[in-house]
Amino acid sequence: KNEVEQSPQNLTAQEGEFITINCSYSVGISALHWLQQHPGGGIVSLFMLSSGKKKHGRLIATINIQEKHSSLHITASHPRDSAVYICAVSPLVTDKLIFGTGTRLQVFP
Amino acid sequence: GAGVSQSPSNKVTEKGKDVELRCDPISGHTALYWYRQSLGQGLEFLIYFQGNSAPDKSGLPSDRFSAERTGGSVSTLTIQRTQQEDSAVYLCASSLFSGSGNYGYTFGSGTRLTVV
């Protein structure tokens with residue numbers, strides 16, 4: 001079992017839909033990261049969370065430390081949101097990130 | 001600079017040749033990481049530098065891989081006698097690490113290495 005699990009692996013949506021990507025982890029962490037990778041592109045860090053909720057534009061990230069679970073929400077999705085979204089955690093015992101396998105999102109007009 | 005800079009952005013090399021990949025982290029960031037993303041695979045950790053501590057090399061896949069970080073800043077990842085399975089995107093990241101956590105984790109755009 002992977003230490004960081006994401007669901008779903010693939011997601012398609014119509015423009016304007018509300019999207020949720022989930023991440024569960026099994027290790028103690030100091031922070032959780034949500035990353036975005038466009039096709040052929042580099043990785044952009046969207047959020048780093050250690051508790052509660054953060055919002056940036058149409059993106060919202062939440063984390064429940066007790067349940068070891070985080071969600072990334074995209075409101076009013078747009079085709080340019082199409083990318084792979086990766087959840088990663090900073091374990092307490094090391095600074096190396098542990099990555100989920102990513103969620104491939106496609107938003108159609 | 002404003003972000004983590006990696007060079008080259010793309011590299012095609014012949015099997016058996018050596019390659020060097022460069023990472024220029026954000027100024028002041030004490031931690032530097034190398035990760036690899038093979039085609040269709042997730043990201044895997046390679047090596048980690050933190051300040052003046054000995055690097056954590058536990059992710060390096062073979063002794064053909066090595067990395068150094070000069071003056072606590074620029075890092076070079078060297079792959080000797082490249083093999084086709086080394087083809088991947090090599091990502092560098094840096095962060096500011098304090099006793100209370102890891103901050104400002106920033107990725108570079110990666111170097112796409114193709115071994116032919």
# chains A, B, ... in the order shown; residues from 1 in each chain; ligands from 1
$ residues_around --residues "Ser7 of chain A" --least-positions-apart "5" --cutoff "12 Å" --atoms "only C-alpha atoms" --output "mmCIF file with all heavy atoms, in the first residue's frame"
data_model
loop_
_atom_site.group_PDB
_atom_site.id
_atom_site.type_symbol
_atom_site.label_atom_id
_atom_site.label_comp_id
_atom_site.auth_asym_id
_atom_site.auth_seq_id
_atom_site.Cartn_x
_atom_site.Cartn_y
_atom_site.Cartn_z
ATOM 1 N N ILE A 19 -14.963 20.438 -8.998
ATOM 2 C CA ILE A 19 -14.106 19.252 -9.022
ATOM 3 C C ILE A 19 -13.488 19.029 -7.648
ATOM 4 O O ILE A 19 -13.075 19.991 -6.978
ATOM 5 C CB ILE A 19 -13.003 19.439 -10.074
ATOM 6 C CG1 ILE A 19 -13.615 19.309 -11.466
ATOM 7 C CG2 ILE A 19 -11.864 18.435 -9.887
ATOM 8 C CD1 ILE A 19 -12.777 19.835 -12.557
ATOM 9 N N THR A 20 -13.416 17.765 -7.247
ATOM 10 C CA THR A 20 -12.749 17.401 -6.001
ATOM 11 C C THR A 20 -11.774 16.270 -6.253
ATOM 12 O O THR A 20 -12.121 15.265 -6.878
ATOM 13 C CB THR A 20 -13.774 16.956 -4.942
ATOM 14 O OG1 THR A 20 -14.619 18.058 -4.616
ATOM 15 C CG2 THR A 20 -13.052 16.496 -3.672
ATOM 16 N N ILE A 21 -10.564 16.459 -5.783
ATOM 17 C CA ILE A 21 -9.535 15.419 -5.818
ATOM 18 C C ILE A 21 -9.153 15.122 -4.379
ATOM 19 O O ILE A 21 -8.952 16.047 -3.577
ATOM 20 C CB ILE A 21 -8.307 15.894 -6.620
ATOM 21 C CG1 ILE A 21 -8.718 16.217 -8.067
ATOM 22 C CG2 ILE A 21 -7.210 14.837 -6.599
ATOM 23 C CD1 ILE A 21 -7.625 16.908 -8.873
ATOM 24 N N ASN A 22 -9.047 13.846 -4.059
ATOM 25 C CA ASN A 22 -8.790 13.439 -2.681
ATOM 26 C C ASN A 22 -7.406 12.841 -2.508
ATOM 27 O O ASN A 22 -6.851 12.238 -3.425
ATOM 28 C CB ASN A 22 -9.832 12.413 -2.236
ATOM 29 C CG ASN A 22 -11.214 13.006 -2.175
ATOM 30 O OD1 ASN A 22 -11.458 13.955 -1.424
ATOM 31 N ND2 ASN A 22 -12.129 12.492 -2.984
ATOM 32 N N CYS A 23 -6.886 13.009 -1.307
ATOM 33 C CA CYS A 23 -5.566 12.481 -0.973
ATOM 34 C C CYS A 23 -5.612 11.943 0.452
ATOM 35 O O CYS A 23 -6.022 12.661 1.370
ATOM 36 C CB CYS A 23 -4.523 13.591 -1.087
ATOM 37 S SG CYS A 23 -2.858 13.104 -0.588
ATOM 38 N N SER A 24 -5.196 10.694 0.618
ATOM 39 C CA SER A 24 -5.085 10.099 1.946
ATOM 40 C C SER A 24 -3.651 9.643 2.159
ATOM 41 O O SER A 24 -2.986 9.211 1.213
ATOM 42 C CB SER A 24 -6.022 8.889 2.077
ATOM 43 O OG SER A 24 -7.355 9.292 1.974
ATOM 44 N N TYR A 25 -3.186 9.753 3.394
ATOM 45 C CA TYR A 25 -1.806 9.380 3.673
ATOM 46 C C TYR A 25 -1.751 8.608 4.979
ATOM 47 O O TYR A 25 -2.668 8.676 5.794
ATOM 48 C CB TYR A 25 -0.908 10.624 3.718
ATOM 49 C CG TYR A 25 -1.379 11.693 4.666
ATOM 50 C CD1 TYR A 25 -0.943 11.744 5.980
ATOM 51 C CD2 TYR A 25 -2.285 12.668 4.237
ATOM 52 C CE1 TYR A 25 -1.383 12.718 6.839
ATOM 53 C CE2 TYR A 25 -2.725 13.647 5.099
ATOM 54 C CZ TYR A 25 -2.280 13.679 6.396
ATOM 55 O OH TYR A 25 -2.739 14.645 7.264
ATOM 56 N N HIS A 69 -6.245 13.159 5.776
ATOM 57 C CA HIS A 69 -6.933 13.299 4.495
ATOM 58 C C HIS A 69 -6.924 14.758 4.066
ATOM 59 O O HIS A 69 -7.056 15.672 4.891
ATOM 60 C CB HIS A 69 -8.379 12.808 4.628
ATOM 61 C CG HIS A 69 -9.159 12.899 3.363
ATOM 62 N ND1 HIS A 69 -9.881 14.009 3.002
ATOM 63 C CD2 HIS A 69 -9.292 12.021 2.337
ATOM 64 C CE1 HIS A 69 -10.452 13.808 1.825
ATOM 65 N NE2 HIS A 69 -10.113 12.616 1.409
ATOM 66 N N SER A 70 -6.757 14.954 2.766
ATOM 67 C CA SER A 70 -6.808 16.294 2.196
ATOM 68 C C SER A 70 -7.623 16.262 0.910
ATOM 69 O O SER A 70 -7.678 15.228 0.231
ATOM 70 C CB SER A 70 -5.402 16.803 1.901
ATOM 71 O OG SER A 70 -5.429 18.051 1.237
ATOM 72 N N SER A 71 -8.227 17.364 0.601
ATOM 73 C CA SER A 71 -8.956 17.505 -0.661
ATOM 74 C C SER A 71 -8.528 18.773 -1.369
ATOM 75 O O SER A 71 -8.239 19.789 -0.720
ATOM 76 C CB SER A 71 -10.469 17.555 -0.431
ATOM 77 O OG SER A 71 -10.959 16.333 0.057
ATOM 78 N N LEU A 72 -8.507 18.688 -2.690
ATOM 79 C CA LEU A 72 -8.292 19.857 -3.539
ATOM 80 C C LEU A 72 -9.567 20.057 -4.336
ATOM 81 O O LEU A 72 -10.048 19.138 -4.998
ATOM 82 C CB LEU A 72 -7.109 19.639 -4.486
ATOM 83 C CG LEU A 72 -6.840 20.767 -5.494
ATOM 84 C CD1 LEU A 72 -6.355 22.023 -4.778
ATOM 85 C CD2 LEU A 72 -5.821 20.317 -6.535
ATOM 86 N N VAL A 84 -2.130 17.360 -14.475
ATOM 87 C CA VAL A 84 -2.024 16.319 -13.449
ATOM 88 C C VAL A 84 -1.838 17.016 -12.106
ATOM 89 O O VAL A 84 -0.988 17.906 -11.972
ATOM 90 C CB VAL A 84 -0.844 15.371 -13.720
ATOM 91 C CG1 VAL A 84 -0.681 14.376 -12.573
ATOM 92 C CG2 VAL A 84 -1.051 14.625 -15.034
ATOM 93 N N TYR A 85 -2.646 16.633 -11.149
ATOM 94 C CA TYR A 85 -2.571 17.202 -9.803
ATOM 95 C C TYR A 85 -1.975 16.152 -8.883
ATOM 96 O O TYR A 85 -2.447 15.016 -8.819
ATOM 97 C CB TYR A 85 -3.957 17.658 -9.336
ATOM 98 C CG TYR A 85 -4.446 18.832 -10.136
ATOM 99 C CD1 TYR A 85 -5.081 18.640 -11.367
ATOM 100 C CD2 TYR A 85 -4.219 20.141 -9.710
ATOM 101 C CE1 TYR A 85 -5.490 19.731 -12.140
ATOM 102 C CE2 TYR A 85 -4.635 21.223 -10.464
ATOM 103 C CZ TYR A 85 -5.257 21.001 -11.684
ATOM 104 O OH TYR A 85 -5.652 22.080 -12.453
ATOM 105 N N ILE A 86 -0.935 16.557 -8.189
ATOM 106 C CA ILE A 86 -0.160 15.622 -7.373
ATOM 107 C C ILE A 86 -0.217 16.051 -5.919
ATOM 108 O O ILE A 86 0.017 17.225 -5.593
ATOM 109 C CB ILE A 86 1.307 15.580 -7.839
ATOM 110 C CG1 ILE A 86 1.386 15.185 -9.330
ATOM 111 C CG2 ILE A 86 2.130 14.624 -6.994
ATOM 112 C CD1 ILE A 86 2.754 15.399 -9.948
ATOM 113 N N CYS A 87 -0.515 15.093 -5.070
ATOM 114 C CA CYS A 87 -0.474 15.302 -3.621
ATOM 115 C C CYS A 87 0.866 14.777 -3.118
ATOM 116 O O CYS A 87 1.330 13.715 -3.553
ATOM 117 C CB CYS A 87 -1.638 14.542 -2.978
ATOM 118 S SG CYS A 87 -1.634 14.505 -1.185
ATOM 119 N N GLY A 100 2.016 11.183 -4.138
ATOM 120 C CA GLY A 100 0.979 10.340 -4.693
ATOM 121 C C GLY A 100 1.230 10.154 -6.180
ATOM 122 O O GLY A 100 2.121 10.784 -6.759
ATOM 123 N N THR A 101 0.459 9.295 -6.802
ATOM 124 C CA THR A 101 0.675 8.988 -8.222
ATOM 125 C C THR A 101 -0.009 9.990 -9.141
ATOM 126 O O THR A 101 0.162 9.919 -10.352
ATOM 127 C CB THR A 101 0.193 7.575 -8.559
ATOM 128 O OG1 THR A 101 -1.140 7.433 -8.094
ATOM 129 C CG2 THR A 101 1.080 6.536 -7.903
ATOM 130 N N GLY A 102 -0.744 10.916 -8.576
ATOM 131 C CA GLY A 102 -1.322 11.982 -9.386
ATOM 132 C C GLY A 102 -2.729 11.682 -9.864
ATOM 133 O O GLY A 102 -3.147 10.525 -9.982
ATOM 134 N N THR A 103 -3.452 12.729 -10.139
ATOM 135 C CA THR A 103 -4.796 12.661 -10.723
ATOM 136 C C THR A 103 -4.771 13.448 -12.017
ATOM 137 O O THR A 103 -4.463 14.637 -12.015
ATOM 138 C CB THR A 103 -5.848 13.253 -9.780
ATOM 139 O OG1 THR A 103 -5.950 12.466 -8.604
ATOM 140 C CG2 THR A 103 -7.213 13.335 -10.468
ATOM 141 N N ARG A 104 -5.074 12.760 -13.114
ATOM 142 C CA ARG A 104 -5.097 13.432 -14.410
ATOM 143 C C ARG A 104 -6.484 14.007 -14.635
ATOM 144 O O ARG A 104 -7.471 13.272 -14.736
ATOM 145 C CB ARG A 104 -4.735 12.449 -15.522
ATOM 146 C CG ARG A 104 -4.640 13.087 -16.898
ATOM 147 C CD ARG A 104 -4.149 12.083 -17.933
ATOM 148 N NE ARG A 104 -2.837 11.561 -17.590
ATOM 149 C CZ ARG A 104 -1.680 12.172 -17.850
ATOM 150 N NH1 ARG A 104 -1.681 13.321 -18.493
ATOM 151 N NH2 ARG A 104 -0.536 11.615 -17.504
ATOM 152 N N LEU A 105 -6.560 15.317 -14.734
ATOM 153 C CA LEU A 105 -7.832 16.022 -14.930
ATOM 154 C C LEU A 105 -7.914 16.571 -16.339
ATOM 155 O O LEU A 105 -6.981 17.212 -16.817
ATOM 156 C CB LEU A 105 -7.955 17.184 -13.934
ATOM 157 C CG LEU A 105 -9.115 18.149 -14.154
ATOM 158 C CD1 LEU A 105 -10.450 17.446 -13.918
ATOM 159 C CD2 LEU A 105 -8.991 19.372 -13.242
#
$ interface_residues --of "chain A" --to "chain B" --cutoff "12 Å" --atoms "only C-alpha atoms" --output "ChimeraX atom specification"
/A:2,4-6,9,29-50,84-104
$ atom_distance --atom1 "atom CA of Arg64 of chain B" --atom2 "atom CA of Ala88 of chain B"
15.2 Å
$ select_by_dssp --residues "segment 4-112 of chain B" --states "strand (DSSP E)" --output "PyMOL selection string"
chain B and resi 5-7+10-13+19-24+31-37+43-50+65-69+75-79+88-98+101-107+111-112
$ write_last_selection --atoms "C-alpha atoms" --output "PDB file, in the first residue's frame"
ATOM      1  CA  SER B   5      16.441  27.311 -12.427  1.00  0.00           C
ATOM      2  CA  GLN B   6      17.423  24.087 -14.158  1.00  0.00           C
ATOM      3  CA  SER B   7      19.588  23.585 -17.194  1.00  0.00           C
ATOM      4  CA  ASN B  10      16.178  19.232 -22.718  1.00  0.00           C
ATOM      5  CA  LYS B  11      19.100  16.888 -23.264  1.00  0.00           C
ATOM      6  CA  VAL B  12      19.461  14.096 -25.783  1.00  0.00           C
ATOM      7  CA  THR B  13      22.499  11.908 -25.308  1.00  0.00           C
ATOM      8  CA  VAL B  19      25.621  13.906 -18.613  1.00  0.00           C
ATOM      9  CA  GLU B  20      25.508  16.745 -16.110  1.00  0.00           C
ATOM     10  CA  LEU B  21      22.297  18.413 -15.032  1.00  0.00           C
ATOM     11  CA  ARG B  22      22.374  21.709 -13.197  1.00  0.00           C
ATOM     12  CA  CYS B  23      20.093  23.204 -10.574  1.00  0.00           C
ATOM     13  CA  ASP B  24      20.268  26.765  -9.292  1.00  0.00           C
ATOM     14  CA  ALA B  31      17.545  22.483   1.292  1.00  0.00           C
ATOM     15  CA  LEU B  32      17.877  21.155  -2.254  1.00  0.00           C
ATOM     16  CA  TYR B  33      16.278  18.027  -3.652  1.00  0.00           C
ATOM     17  CA  TRP B  34      16.567  16.025  -6.843  1.00  0.00           C
ATOM     18  CA  TYR B  35      13.620  13.936  -8.021  1.00  0.00           C
ATOM     19  CA  ARG B  36      13.023  11.884 -11.130  1.00  0.00           C
ATOM     20  CA  GLN B  37       9.848  11.297 -13.103  1.00  0.00           C
ATOM     21  CA  LEU B  43       7.967  11.162  -8.875  1.00  0.00           C
ATOM     22  CA  GLU B  44      10.777   9.387  -7.079  1.00  0.00           C
ATOM     23  CA  PHE B  45      13.299  10.861  -4.691  1.00  0.00           C
ATOM     24  CA  LEU B  46      16.967  10.766  -5.687  1.00  0.00           C
ATOM     25  CA  ILE B  47      19.070  12.875  -3.318  1.00  0.00           C
ATOM     26  CA  TYR B  48      18.689  15.638  -0.731  1.00  0.00           C
ATOM     27  CA  PHE B  49      21.095  18.304   0.510  1.00  0.00           C
ATOM     28  CA  GLN B  50      20.419  20.217   3.729  1.00  0.00           C
ATOM     29  CA  PHE B  65      24.449   8.586 -10.328  1.00  0.00           C
ATOM     30  CA  SER B  66      26.123  11.231  -8.197  1.00  0.00           C
ATOM     31  CA  ALA B  67      25.402  14.779  -7.147  1.00  0.00           C
ATOM     32  CA  GLU B  68      27.182  17.617  -5.481  1.00  0.00           C
ATOM     33  CA  ARG B  69      26.219  20.985  -4.156  1.00  0.00           C
ATOM     34  CA  SER B  75      23.878  21.582  -7.508  1.00  0.00           C
ATOM     35  CA  THR B  76      24.986  19.276 -10.302  1.00  0.00           C
ATOM     36  CA  LEU B  77      23.522  15.811 -10.871  1.00  0.00           C
ATOM     37  CA  THR B  78      25.874  13.620 -12.893  1.00  0.00           C
ATOM     38  CA  ILE B  79      24.878  10.418 -14.635  1.00  0.00           C
ATOM     39  CA  ALA B  88      13.185  10.763 -17.549  1.00  0.00           C
ATOM     40  CA  VAL B  89      12.430  14.267 -16.373  1.00  0.00           C
ATOM     41  CA  TYR B  90      14.813  15.243 -13.609  1.00  0.00           C
ATOM     42  CA  LEU B  91      13.306  17.782 -11.233  1.00  0.00           C
ATOM     43  CA  CYS B  92      15.086  19.938  -8.712  1.00  0.00           C
ATOM     44  CA  ALA B  93      13.400  21.636  -5.775  1.00  0.00           C
ATOM     45  CA  SER B  94      14.581  23.866  -2.982  1.00  0.00           C
ATOM     46  CA  SER B  95      13.131  24.930   0.325  1.00  0.00           C
ATOM     47  CA  LEU B  96      13.885  26.848   3.466  1.00  0.00           C
ATOM     48  CA  PHE B  97      13.998  24.439   6.330  1.00  0.00           C
ATOM     49  CA  SER B  98      13.600  25.523   9.896  1.00  0.00           C
ATOM     50  CA  GLY B 101       8.991  22.865   9.236  1.00  0.00           C
ATOM     51  CA  ASN B 102       9.754  23.153   5.579  1.00  0.00           C
ATOM     52  CA  TYR B 103       8.820  26.389   3.831  1.00  0.00           C
ATOM     53  CA  GLY B 104       8.691  27.785   0.335  1.00  0.00           C
ATOM     54  CA  TYR B 105       9.040  24.437  -1.372  1.00  0.00           C
ATOM     55  CA  THR B 106       9.650  25.385  -5.029  1.00  0.00           C
ATOM     56  CA  PHE B 107      10.216  23.145  -8.028  1.00  0.00           C
ATOM     57  CA  THR B 111      15.429  18.665 -17.409  1.00  0.00           C
ATOM     58  CA  ARG B 112      14.008  16.174 -19.891  1.00  0.00           C
TER      59      ARG B 112
END
$ atom_distance --atom1 "atom CA of Val27 of chain A" --atom2 "atom CA of Glu3 of chain A"
6.7 Å
$ residues_around --residues "Leu59 of chain A" --least-positions-apart "2" --cutoff "10 Å" --atoms "only C-alpha atoms" --output "list in words"
Ile19, Leu46, Phe47, Lys54, Lys55, His56, Gly57, Ala61, Leu72, His73, Ile74, Thr75, Ala76 and Ser77 of chain A
